[in-house]
file my_file22.cif (mmCIF, C-alpha atoms)
data_protein
loop_
_atom_site.group_PDB
_atom_site.id
_atom_site.type_symbol
_atom_site.label_atom_id
_atom_site.label_comp_id
_atom_site.auth_asym_id
_atom_site.auth_seq_id
_atom_site.Cartn_x
_atom_site.Cartn_y
_atom_site.Cartn_z
ATOM 1 C CA MET A 27 0.000 0.000 0.000
ATOM 2 C CA SER A 28 1.507 3.308 -1.005
ATOM 3 C CA SER A 29 1.553 6.314 1.228
ATOM 4 C CA PRO A 30 -1.058 8.995 0.464
ATOM 5 C CA LEU A 31 1.684 11.602 0.936
ATOM 6 C CA LYS A 32 3.771 12.294 -2.175
ATOM 7 C CA PRO A 33 6.830 14.550 -2.145
ATOM 8 C CA ILE A 34 6.435 17.504 -4.498
ATOM 9 C CA ASP A 35 9.154 20.174 -4.453
ATOM 10 C CA ASN A 36 10.374 19.234 -0.939
ATOM 11 C CA ARG A 37 6.888 19.339 0.556
ATOM 12 C CA PHE A 38 4.349 16.614 1.123
ATOM 13 C CA VAL A 39 0.916 16.804 -0.456
ATOM 14 C CA ILE A 40 -1.976 14.451 0.236
ATOM 15 C CA THR A 41 -2.846 12.778 -3.062
ATOM 16 C CA ASP A 42 -5.432 10.248 -1.887
ATOM 17 C CA TRP A 43 -8.159 10.840 0.656
ATOM 18 C CA ILE A 44 -8.903 7.743 2.707
ATOM 19 C CA PRO A 45 -11.610 7.997 5.379
ATOM 20 C CA TYR A 46 -10.305 7.158 8.836
ATOM 21 C CA SER A 47 -12.885 4.411 9.394
ATOM 22 C CA SER A 48 -11.774 2.477 6.304
ATOM 23 C CA ARG A 49 -8.021 2.695 6.902
ATOM 24 C CA VAL A 50 -6.217 -0.514 7.668
ATOM 25 C CA CYS A 51 -4.121 0.196 10.736
ATOM 26 C CA PRO A 52 -1.731 -2.531 11.828
ATOM 27 C CA THR A 53 -1.934 -3.457 15.458
ATOM 28 C CA THR A 54 1.203 -2.458 17.225
ATOM 29 C CA VAL A 55 2.260 -4.296 20.327
ATOM 30 C CA ALA A 56 4.681 -2.829 22.815
ATOM 31 C CA SER A 57 7.951 -4.685 23.197
ATOM 32 C CA ASN A 58 8.707 -6.508 26.415
ATOM 33 C CA GLY A 59 10.987 -3.744 27.659
ATOM 34 C CA VAL A 60 8.452 -0.994 26.984
ATOM 35 C CA SER A 61 5.665 -3.047 28.545
ATOM 36 C CA PHE A 62 7.845 -3.681 31.607
ATOM 37 C CA VAL A 63 8.511 0.033 32.104
ATOM 38 C CA LEU A 64 4.877 0.947 31.494
ATOM 39 C CA SER A 65 3.428 -1.638 33.884
ATOM 40 C CA LEU A 66 6.048 -0.830 36.542
ATOM 41 C CA THR A 67 5.234 2.870 36.274
ATOM 42 C CA LEU A 68 1.489 2.238 36.452
ATOM 43 C CA SER A 69 1.895 -0.062 39.454
ATOM 44 C CA THR A 70 3.976 2.585 41.241
ATOM 45 C CA VAL A 71 1.371 5.257 40.506
ATOM 46 C CA LEU A 72 -1.464 2.966 41.633
ATOM 47 C CA THR A 73 0.381 2.173 44.870
ATOM 48 C CA ALA A 74 0.901 5.872 45.543
ATOM 49 C CA ILE A 75 -2.756 6.658 44.818
ATOM 50 C CA MET A 76 -3.940 3.902 47.137
ATOM 51 C CA GLN A 77 -1.717 5.198 49.942
ATOM 52 C CA MET A 78 -2.636 8.851 49.366
ATOM 53 C CA TYR A 79 -6.369 8.128 49.468
ATOM 54 C CA ARG A 80 -6.281 5.496 52.181
ATOM 55 C CA GLN A 81 -8.675 7.470 54.406
ATOM 56 C CA VAL A 82 -11.233 7.751 51.601
ATOM 57 C CA LEU A 83 -10.839 4.114 50.547
ATOM 58 C CA SER A 84 -11.391 2.867 54.104
ATOM 59 C CA SER A 85 -14.292 5.218 54.889
ATOM 60 C CA SER A 86 -17.147 2.945 53.778
ATOM 61 C CA GLN A 87 -17.801 -0.657 52.898
ATOM 62 C CA PRO A 88 -18.112 -0.175 49.102
ATOM 63 C CA MET A 89 -14.918 1.876 49.033
ATOM 64 C CA THR A 90 -13.107 -0.858 50.967
ATOM 65 C CA ILE A 91 -14.197 -3.388 48.350
ATOM 66 C CA PHE A 92 -13.082 -0.957 45.640
ATOM 67 C CA ALA A 93 -9.676 -0.763 47.355
ATOM 68 C CA GLY A 94 -9.475 -4.563 47.089
ATOM 69 C CA TYR A 95 -10.294 -4.288 43.390
ATOM 70 C CA LEU A 96 -7.524 -1.700 42.953
ATOM 71 C CA GLY A 97 -5.205 -4.117 44.760
ATOM 72 C CA SER A 98 -6.072 -6.853 42.266
ATOM 73 C CA MET A 99 -5.294 -4.449 39.399
ATOM 74 C CA LEU A 100 -1.976 -3.808 41.137
ATOM 75 C CA PHE A 101 -1.392 -7.572 41.245
ATOM 76 C CA LEU A 102 -1.946 -7.871 37.491
ATOM 77 C CA LEU A 103 0.339 -4.905 36.783
ATOM 78 C CA ILE A 104 3.145 -6.288 38.956
ATOM 79 C CA LEU A 105 2.766 -9.741 37.405
ATOM 80 C CA THR A 106 2.941 -8.174 33.946
ATOM 81 C CA ALA A 107 6.059 -6.215 34.903
ATOM 82 C CA ILE A 108 7.850 -9.259 36.312
ATOM 83 C CA SER A 109 6.860 -11.451 33.367
ATOM 84 C CA ASN A 110 7.974 -8.881 30.788
ATOM 85 C CA LEU A 111 11.283 -8.363 32.586
ATOM 86 C CA GLU A 112 11.922 -12.101 32.519
ATOM 87 C CA MET A 113 10.949 -12.327 28.859
ATOM 88 C CA SER A 114 13.366 -9.475 28.062
ATOM 89 C CA LEU A 115 16.191 -11.170 29.953
ATOM 90 C CA PHE A 116 15.604 -14.870 29.242
ATOM 91 C CA GLY A 117 13.931 -14.921 25.844
ATOM 92 C CA LYS A 118 10.585 -14.547 24.193
ATOM 93 C CA HIS A 119 9.184 -17.938 25.171
ATOM 94 C CA PHE A 120 9.857 -17.650 28.915
ATOM 95 C CA GLN A 121 6.703 -18.179 30.984
ATOM 96 C CA SER A 122 5.774 -16.967 34.437
ATOM 97 C CA LYS A 123 5.868 -19.656 37.069
ATOM 98 C CA LEU A 124 4.137 -20.010 40.412
ATOM 99 C CA TRP A 125 6.792 -18.009 42.292
ATOM 100 C CA GLU A 126 6.214 -14.902 40.190
ATOM 101 C CA VAL A 127 2.490 -15.136 40.876
ATOM 102 C CA ILE A 128 3.067 -15.556 44.626
ATOM 103 C CA ILE A 129 5.508 -12.624 44.788
ATOM 104 C CA SER A 130 3.096 -10.374 42.877
ATOM 105 C CA LEU A 131 0.190 -11.445 45.042
ATOM 106 C CA VAL A 132 2.072 -10.844 48.309
ATOM 107 C CA ILE A 133 3.091 -7.338 47.196
ATOM 108 C CA ALA A 134 -0.489 -6.496 46.181
ATOM 109 C CA LEU A 135 -1.856 -7.895 49.462
ATOM 110 C CA PHE A 136 0.590 -5.785 51.503
ATOM 111 C CA VAL A 137 -0.417 -2.631 49.656
ATOM 112 C CA SER A 138 -4.114 -3.466 50.083
ATOM 113 C CA GLY A 139 -3.471 -4.170 53.749
ATOM 114 C CA GLY A 140 -2.153 -0.646 54.124
ATOM 115 C CA VAL A 141 -5.621 0.599 53.223
ATOM 116 C CA HIS A 142 -7.879 -1.748 55.210
ATOM 117 C CA ARG A 143 -7.922 -5.343 56.461
ATOM 118 C CA VAL A 144 -11.033 -6.220 54.467
ATOM 119 C CA SER A 145 -9.279 -4.977 51.331
ATOM 120 C CA ILE A 146 -6.827 -7.858 51.685
ATOM 121 C CA THR A 147 -9.611 -10.422 51.355
ATOM 122 C CA CYS A 148 -11.237 -8.578 48.449
ATOM 123 C CA CYS A 149 -7.853 -8.222 46.745
ATOM 124 C CA LEU A 150 -7.225 -11.952 47.101
ATOM 125 C CA ILE A 151 -10.612 -12.881 45.632
ATOM 126 C CA PHE A 152 -10.419 -10.383 42.758
ATOM 127 C CA SER A 153 -6.815 -11.392 42.027
ATOM 128 C CA PHE A 154 -7.741 -15.063 41.687
ATOM 129 C CA ILE A 155 -10.589 -14.129 39.350
ATOM 130 C CA GLY A 156 -8.275 -11.904 37.292
ATOM 131 C CA LEU A 157 -5.586 -14.590 37.191
ATOM 132 C CA TYR A 158 -8.129 -17.127 35.943
ATOM 133 C CA TYR A 159 -9.158 -14.890 33.058
ATOM 134 C CA VAL A 160 -5.576 -13.930 32.180
ATOM 135 C CA ASN A 161 -4.680 -17.631 32.089
ATOM 136 C CA ARG A 162 -7.708 -18.373 29.926
ATOM 137 C CA ILE A 163 -6.864 -15.610 27.436
ATOM 138 C CA SER A 164 -3.223 -16.690 27.374
ATOM 139 C CA ALA A 165 -4.206 -20.283 26.668
ATOM 140 C CA LYS A 166 -6.411 -19.183 23.764
ATOM 141 C CA VAL A 167 -3.733 -16.995 22.215
ATOM 142 C CA HIS A 168 -0.558 -18.998 22.807
ATOM 143 C CA GLN A 169 -1.621 -22.637 23.043
ATOM 144 C CA MET A 170 -0.921 -24.712 19.963
ATOM 145 C CA ASN A 171 -3.418 -27.275 18.768
ATOM 146 C CA THR A 172 -1.961 -30.744 19.112
ATOM 147 C CA ILE A 173 -3.184 -34.042 17.827
ATOM 148 C CA ASN A 174 -3.577 -36.860 20.279
ATOM 149 C CA PRO A 175 -0.863 -39.395 19.279
ATOM 150 C CA ASN A 176 -3.044 -42.364 20.249
ATOM 151 C CA ILE A 177 -5.759 -41.303 17.835
ATOM 152 C CA ALA A 178 -3.375 -40.233 15.063
ATOM 153 C CA ASN A 179 -1.383 -43.484 14.996
ATOM 154 C CA ASN A 180 -4.359 -45.783 15.376
ATOM 155 C CA PRO A 181 -6.187 -46.299 12.055
ATOM 156 C CA THR A 182 -9.809 -47.220 12.133
ATOM 157 C CA SER A 183 -9.943 -50.566 13.843
ATOM 158 C CA LYS A 184 -11.934 -53.403 12.319
ATOM 159 C CA LYS A 185 -14.198 -55.478 14.442
ATOM 160 C CA ARG A 186 -12.998 -58.972 15.147
ATOM 161 C CA LYS A 187 -15.469 -61.736 14.770
#

call {"tool": "encode", "arguments": {"input": "my_file22.cif", "output": "C-alpha cells"}}
result
Amino acid sequence: MSSPLKPIDNRFVITDWIPYSSRVCPTTVASNGVSFVLSLTLSTVLTAIMQMYRQVLSSSQPMTIFAGYLGSMLFLLILTAISNLEMSLFGKHFQSKLWEVIISLVIALFVSGGVHRVSITCCLIFSFIGLYYVNRISAKVHQMNTINPNIANNPTSKKRK
C-alpha cells in the first residue's frame, strides 16, 4: 500500500483521501521492555494513589471493596512487569511460574493491607478471578493445537469376529 503523501518540491501533499474508518491500521504491540517500564510505572502510581487516598478508601464498605479491586489491578500490573522483565532477559518464550504469581500477590496484598484489612480479602478474591481470566486468554492466544498421538497413529480398527 503506497503512502497517500507524495513529495512535491520538498513538501508533502496528500494525493489520496482515505476515510479514517476504512483505513487498515496494523496493530502495534509494545515490546517486552516498553511493557515492563509501562506496567512498573502504572503499578507505582497505583500504589501511591492507594496510599494517598487510604482514608477515603477505608471510609465505607463499598470503598473498601473498591480498594481490594484496585489491589487486584496492582497484582496484574506487577505480574505483567515481572513477566515482561523475565521475557526481556531470558527470551521470548519464557513463561511466568508459580513463584512470580506468589511474589506479585504478596506485594499487592501488603499494599491493600495498608488501606484496610477487608481490602486484603477482596484483593485476594479479585486477584484469583483476574488470574483465571488472564490464564484463559493466554491459553487461547498462545496454546498450539496438538493431535492426540493415540488417535493419530491408530487407524480405524476393524471389528474382530

call {"tool": "residues_around", "arguments": {"input": "my_file22.cif", "residues": "Met99 of chain A", "least_positions_apart": "4", "cutoff": "10 Å", "atoms": "only C-alpha atoms", "output": "list in words"}}
result
Leu68, Ser69, Leu72, Ala93, Gly94, Tyr95, Leu103, Ile104, Leu105, Ala134, Cys149, Phe152, Ser153 and Gly156 of chain A

call {"tool": "resolve_selection", "arguments": {"input": "my_file22.cif", "expression": "the PyMOL selection byres ((chain A and resi 61) around 12)", "output": "mmCIF file with C-alpha atoms, in the coordinates of the input"}}
result
data_model
loop_
_atom_site.group_PDB
_atom_site.id
_atom_site.type_symbol
_atom_site.label_atom_id
_atom_site.label_comp_id
_atom_site.auth_asym_id
_atom_site.auth_seq_id
_atom_site.Cartn_x
_atom_site.Cartn_y
_atom_site.Cartn_z
ATOM 1 C CA VAL A 55 2.260 -4.296 20.327
ATOM 2 C CA ALA A 56 4.681 -2.829 22.815
ATOM 3 C CA SER A 57 7.951 -4.685 23.197
ATOM 4 C CA ASN A 58 8.707 -6.508 26.415
ATOM 5 C CA GLY A 59 10.987 -3.744 27.659
ATOM 6 C CA VAL A 60 8.452 -0.994 26.984
ATOM 7 C CA PHE A 62 7.845 -3.681 31.607
ATOM 8 C CA VAL A 63 8.511 0.033 32.104
ATOM 9 C CA LEU A 64 4.877 0.947 31.494
ATOM 10 C CA SER A 65 3.428 -1.638 33.884
ATOM 11 C CA LEU A 66 6.048 -0.830 36.542
ATOM 12 C CA THR A 67 5.234 2.870 36.274
ATOM 13 C CA LEU A 68 1.489 2.238 36.452
ATOM 14 C CA SER A 69 1.895 -0.062 39.454
ATOM 15 C CA LEU A 103 0.339 -4.905 36.783
ATOM 16 C CA ILE A 104 3.145 -6.288 38.956
ATOM 17 C CA LEU A 105 2.766 -9.741 37.405
ATOM 18 C CA THR A 106 2.941 -8.174 33.946
ATOM 19 C CA ALA A 107 6.059 -6.215 34.903
ATOM 20 C CA ILE A 108 7.850 -9.259 36.312
ATOM 21 C CA SER A 109 6.860 -11.451 33.367
ATOM 22 C CA ASN A 110 7.974 -8.881 30.788
ATOM 23 C CA LEU A 111 11.283 -8.363 32.586
ATOM 24 C CA GLU A 112 11.922 -12.101 32.519
ATOM 25 C CA MET A 113 10.949 -12.327 28.859
ATOM 26 C CA SER A 114 13.366 -9.475 28.062
#

call {"tool": "residues_around", "arguments": {"input": "my_file22.cif", "residues": "Ser84 of chain A", "least_positions_apart": "2", "cutoff": "10 Å", "atoms": "only C-alpha atoms", "output": "MDAnalysis selection string"}}
result
chainID A and resid 79:82 86:93 140:145

call {"tool": "atom_distance", "arguments": {"input": "my_file22.cif", "atom1": "atom CA of Leu131 of chain A", "atom2": "atom CA of Ile163 of chain A"}}
result
19.4 Å

call {"tool": "closest_residue", "arguments": {"input": "my_file22.cif", "among": "A:Phe120, A:Ser98, A:Gln169, A:Tyr159", "to": "Ile146 of chain A", "atoms": "all atoms listed in the file"}}
result
A:Ser98

call {"tool": "closest_residue", "arguments": {"input": "my_file22.cif", "among": "A:Val160, A:Ala165, A:Ile155, A:Leu100", "to": "Ile133 of chain A", "atoms": "all atoms listed in the file"}}
result
A:Leu100

call {"tool": "closest_residue", "arguments": {"input": "my_file22.cif", "among": "A:Gln121, A:Thr70, A:Gln77, A:Asn161", "to": "Ser138 of chain A", "atoms": "all atoms listed in the file"}}
result
A:Gln77

call {"tool": "atom_distance", "arguments": {"input": "my_file22.cif", "atom1": "atom CA of Leu150 of chain A", "atom2": "atom CA of Ser85 of chain A"}}
result
20.1 Å

call {"tool": "atom_distance", "arguments": {"input": "my_file22.cif", "atom1": "atom CA of Val71 of chain A", "atom2": "atom CA of Phe116 of chain A"}}
result
27.1 Å

call {"tool": "closest_residue", "arguments": {"input": "my_file22.cif", "among": "A:Arg162, A:Ala74, A:Ile151, A:Phe101", "to": "Ile129 of chain A", "atoms": "only C-alpha atoms"}}
result
A:Phe101

call {"tool": "closest_residue", "arguments": {"input": "my_file22.cif", "among": "A:Val167, A:Met78, A:Leu115, A:Leu96", "to": "Leu135 of chain A", "atoms": "only C-alpha atoms"}}
result
A:Leu96
